[in-house]
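S.K.: Shown below is the structure under consideration.
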Amino acid sequence: MFYASMFFQYVSQYVKTRFQYRANLFVEFFSDLLSQAVNFIFILIVFGHTSLLHGWNRDEIIFIYGFFLVPFALFSAFFNIWDFNDRYIIKGELDRILTRPIHSLFQIVLERMELESLLGALTGLVVMFYSGSRLGIELKWFDPILFIVFVVGGALVYGGVFVMLACVSFWADARTDIMPMMYNISNYGRYPVDIYNKVIRFVLTWLLPFAFVGVYPAAYFLGKKEWFSYAFLTPIMGVLFFVVSIFVWNQGVKKYRGAGN
Amino acid sequence: MMLAYRTNYYTGILIYSINIGAYYFLWAAIYSGKQHIEGLSVTQMTTYVAVAWMARAFYFNNIDREMAVEIMEGKVAIELIRPYSYLGMKTMQGLGEGIFRLLFFSVPGLVIASFIFPVKFTWNPTVWGLFGISILLSFFINTLLNLLTGITTFFLFNNSGLIRAKRVVIDLFSGLLLPMSFFPGWAQDVMKYLPFQGISYVPSMIFTNGFSHQQAISAIWQQFVWVLVLIVPIQLLWILAKKQLIIQGG
């Protein structure tokens, strides 16, 4: 209850600060849309030169991309921790966080949220409905429920991986650029995993399971039976990775000694 | 200073290799069965991707973001009273970083990439010469666009959105993600009148021998003209900006 009220107070504060620079907020919405459009255009242009990508057609690839946008929007709205090392460890901000009466990770999530990223989920839904209707996908009554479960699972996979990466800075003092690297690797999950070789496929499924954010759950809605078992693993992988990441985080906070002044 | 953080340096090379890898597999899947698309073979395409990313290490810089921070925090006031041209100083800082990355990052990175992926180099010195001129010009085009975005902070006060939008536009329209020749005809016609393809498409096509000698020379001339054209609005906005400077806190 306390956590929920904290959450809403932070949201209302957040909205106020964002509206201070209205013009910029508008441009940020626009730039988000633009970057989604760029990936979309990329797919369109590629399929101007080929009709199938390892047996997946254009609308299926677009559908996967649309699905990917929804958990990714959730993730970017609440796990905006890619500069955790710089902001909290090197500048010593974590000292302040630890004096607060709520869980340290939750506090950081609140401070760093970027609610405007949620707009990406809307784009994702539009893209999915567009390609879904072209593919003639029929929805069963439980599909919306599964959709929510898969989306949350995917967002938790992302969140878990990135929280674990942030935890690296509890043990290693050096500045690392692992985070942006992961953003690049996560791009792999947007395309069917069968185009990659075995090693990359294994990594994307079990070690850095970004395939669970895009292609696996989307394959369920596309009716690709050979991927169903992977699709249903999505929520399990999400919860597993997230729980492990919280555990690592708690260990890391115990280890934290403070830096700077 | 940049070698001080070694992990950063190694992960940087890894990031670029991973990007090249992602696009290599994607292109291999797109080419499956086809010999040529738009006059480029799959080997040329892999080389294109590898060179495009490595050239990016040279021309890429964060001047726009740094300028935005300096203007927002009011530090720019001190920069303005120093006895040098602020914009010139920023450009040279970017060039210095670029040359460092070219020698310690792009060159080893390209060698590593050529071991992993089927990248094919040319040993024709004319091609290397033209490529050299071309990436220098692409650095200037990209940097001038960065300065232009940076200066808008004077008028917009907070332009992180604009900076992000500019980066996305450049990634697509510069030919980093895919060569301009893959775009539909009308889009190519529009792009001819924009400076973006001078950033990545021109040097990468020269390197992969996708351009004939004649095409390469005229493309380099176009890059040069764009450098001159872009200086004009920057100077105008700079004069205007200095007149109506508002220091926000600081």
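Going by the structure tokens order, chains are called A, B, ..., each with residues numbered from 1, while ligands are numbered from 1 in the order shown.
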Near chain B, which residues of chain A fall within 9 Å when you count only C-alpha atoms, and what do they look like as an MDAnalysis selection string?

M.R.: chainID A and resid 21 23:32 34:35 38:39 41:42 45:54 174:178 180:182 184:185 187:188 191 195:197

S.K.: For Pro101 in chain A, work out the shell of residues within 12 Å, counting only C-alpha atoms and skipping chain neighbours fewer than 4 positions away, then give it as a PyMOL selection string.

M.R.: chain A and resi 2-3+6+96-97+105-107

S.K.: Excluding Ser106 in chain B and its own-chain neighbours fewer than 4 positions away, which residues fall within 7 Å of it when counting only C-alpha atoms? Please give them as an MDAnalysis selection string.

M.R.: chainID B and resid 54 57 101:102 110

S.K.: Write the residues you've just listed into a file as a PDB file, in the first residue's frame, and include N, CA and C atoms for each of them.

M.R.:
```pdb
ATOM      1  N   MET B  54      32.635   0.820 -38.774  1.00  0.00           N
ATOM      2  CA  MET B  54      33.950   1.269 -38.333  1.00  0.00           C
ATOM      3  C   MET B  54      34.182   2.736 -38.684  1.00  0.00           C
ATOM      4  N   ALA B  57      32.765   5.001 -36.067  1.00  0.00           N
ATOM      5  CA  ALA B  57      33.606   5.276 -34.907  1.00  0.00           C
ATOM      6  C   ALA B  57      34.425   6.539 -35.134  1.00  0.00           C
ATOM      7  N   ARG B 101      40.039   7.152 -32.192  1.00  0.00           N
ATOM      8  CA  ARG B 101      39.216   5.957 -32.381  1.00  0.00           C
ATOM      9  C   ARG B 101      39.515   5.270 -33.694  1.00  0.00           C
ATOM     10  N   LEU B 102      39.851   6.058 -34.706  1.00  0.00           N
ATOM     11  CA  LEU B 102      40.180   5.471 -36.006  1.00  0.00           C
ATOM     12  C   LEU B 102      41.389   4.538 -35.878  1.00  0.00           C
ATOM     13  N   LEU B 110      38.325  -3.659 -37.469  1.00  0.00           N
ATOM     14  CA  LEU B 110      38.127  -4.129 -38.831  1.00  0.00           C
ATOM     15  C   LEU B 110      38.919  -5.403 -39.081  1.00  0.00           C
TER      16      LEU B 110
END
```

S.K.: Quick one: pull the distance between CA of Trp249 in chain A and CA of Met237 in chain A, Å, one decimal.

M.R.: 18.0 Å

S.K.: Based on the backbone DSSP call, show me all residues of range 13-238 of chain B assigned strand (DSSP E), as an NGL selection string.

M.R.: :B and (36-37 or 40-41)

S.K.: Go ahead and save the residues from that selection, with N, CA and C atoms, as a CSV table (one decimal), in the first residue's frame.

M.R.:
```csv
chain,number,residue,atom,x,y,z
B,36,HIS,N,23.1,-11.3,-56.3
B,36,HIS,CA,23.3,-9.9,-56.2
B,36,HIS,C,21.9,-9.2,-55.9
B,37,ILE,N,22.0,-8.2,-55.0
B,37,ILE,CA,20.8,-7.3,-54.8
B,37,ILE,C,21.3,-5.9,-55.1
B,40,LEU,N,25.0,-5.4,-55.5
B,40,LEU,CA,26.0,-5.7,-54.4
B,40,LEU,C,25.9,-7.2,-54.1
B,41,SER,N,27.1,-7.9,-54.1
B,41,SER,CA,27.1,-9.3,-53.7
B,41,SER,C,27.1,-9.4,-52.2
```

S.K.: Just the number, please: distance in Å from CA of Lys120 in chain B to CA of Thr47 in chain B, one decimal.

M.R.: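 Pair CA of Lys120 in chain B / CA of Thr47 in chain B returns 6.1 Å.
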
S.K.: With only C-alpha atoms as the counted atoms, please give the residues lying no more than 10 Å from Gln44 in chain B, apart from itself and same-chain residues fewer than 5 positions off, as a VMD selection string.

M.R.: chain B and resid 36 39 49 to 50 118 to 121 205 207 to 210

S.K.: Hey, which of A:Phe170, A:Tyr158, A:Leu69, A:Trp141 ends up closest to Leu122 in chain A? Count only C-alpha atoms.

M.R.: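 Residue with the minimum atom-to-atom distance to Leu122 in chain A: A:Leu69.
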
S.K.: Find the residues near Gly120 in chain A: any atom within 9 Å, counting only C-alpha atoms, skip ones fewer than 4 places away on the same chain, and give them as a VMD selection string.

M.R.: chain A and resid 32 to 33 36 69 to 70 72 to 74 116 124 to 125

S.K.: Would you kindly return, as an mmCIF file with N, CA and C atoms, in the first residue's frame, each protein, DNA or RNA residue with an atom no farther than 10 Å from any atom of Gly132 in chain A, considering only C-alpha atoms and excluding same-chain residues fewer than 6 positions away?

M.R.:
```cif
data_model
loop_
_atom_site.group_PDB
_atom_site.id
_atom_site.type_symbol
_atom_site.label_atom_id
_atom_site.label_comp_id
_atom_site.auth_asym_id
_atom_site.auth_seq_id
_atom_site.Cartn_x
_atom_site.Cartn_y
_atom_site.Cartn_z
ATOM 1 N N ASP A 59 4.795 -9.764 -43.206
ATOM 2 C CA ASP A 59 3.845 -9.389 -42.162
ATOM 3 C C ASP A 59 4.149 -10.069 -40.836
ATOM 4 N N GLU A 60 4.709 -11.292 -40.917
ATOM 5 C CA GLU A 60 5.073 -11.972 -39.673
ATOM 6 C C GLU A 60 6.213 -11.245 -38.971
ATOM 7 N N ILE A 62 6.925 -8.098 -39.275
ATOM 8 C CA ILE A 62 6.364 -6.846 -38.756
ATOM 9 C C ILE A 62 5.597 -7.114 -37.464
ATOM 10 N N PHE A 63 4.864 -8.219 -37.434
ATOM 11 C CA PHE A 63 4.111 -8.576 -36.231
ATOM 12 C C PHE A 63 5.057 -8.778 -35.047
ATOM 13 N N GLY A 66 6.149 -5.489 -33.852
ATOM 14 C CA GLY A 66 5.078 -4.837 -33.103
ATOM 15 C C GLY A 66 4.963 -5.391 -31.694
ATOM 16 N N LEU A 125 0.941 -1.885 -30.521
ATOM 17 C CA LEU A 125 -0.396 -2.454 -30.723
ATOM 18 C C LEU A 125 -0.918 -2.141 -32.122
ATOM 19 N N VAL A 126 -0.698 -0.890 -32.545
ATOM 20 C CA VAL A 126 -1.152 -0.505 -33.886
ATOM 21 C C VAL A 126 -0.471 -1.372 -34.940
ATOM 22 N N GLU A 138 -6.832 -14.937 -36.011
ATOM 23 C CA GLU A 138 -8.063 -14.902 -35.241
ATOM 24 C C GLU A 138 -7.727 -14.967 -33.756
ATOM 25 N N LEU A 139 -8.405 -14.108 -32.977
ATOM 26 C CA LEU A 139 -8.140 -14.076 -31.545
ATOM 27 C C LEU A 139 -9.128 -14.974 -30.815
ATOM 28 N N PHE A 221 1.226 -16.192 -31.226
ATOM 29 C CA PHE A 221 0.081 -15.542 -31.868
ATOM 30 C C PHE A 221 0.081 -15.777 -33.371
ATOM 31 N N LEU A 222 1.265 -16.040 -33.932
ATOM 32 C CA LEU A 222 1.350 -16.315 -35.363
ATOM 33 C C LEU A 222 1.010 -17.767 -35.667
#
```

S.K.: Using DSSP secondary structure from the backbone, list all alpha helix (DSSP H) positions within range 44-177 of chain B, as a ChimeraX atom specification.

M.R.: /B:44-59,63-72,76-81,86-101,107-116,125-151,153-156,160-173

S.K.: May I ask which of the residues B:Trp128, B:Trp226, B:Phe154, B:Phe139 is the closest one to His213 in chain B, counting only C-alpha atoms?

M.R.: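 Of B:Trp128, B:Trp226, B:Phe154, B:Phe139, the one nearest His213 in chain B, counting only C-alpha atoms, is B:Trp128.
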
S.K.: Can you tell me, as number ranges by chain, what residues are no more than 12 Å from Gly96 in chain B when counting only C-alpha atoms, ignoring any on the same chain fewer than 6 positions away?

M.R.: B: 1-2, 58-61, 89-90, 102-103, 139

S.K.: Give me, please, the distance in Å between CA of Gln35 in chain B and CA of Ser174 in chain B, quoted to one decimal.

M.R.: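 One can read the CA of Gln35 in chain B to CA of Ser174 in chain B distance as 24.9 Å.
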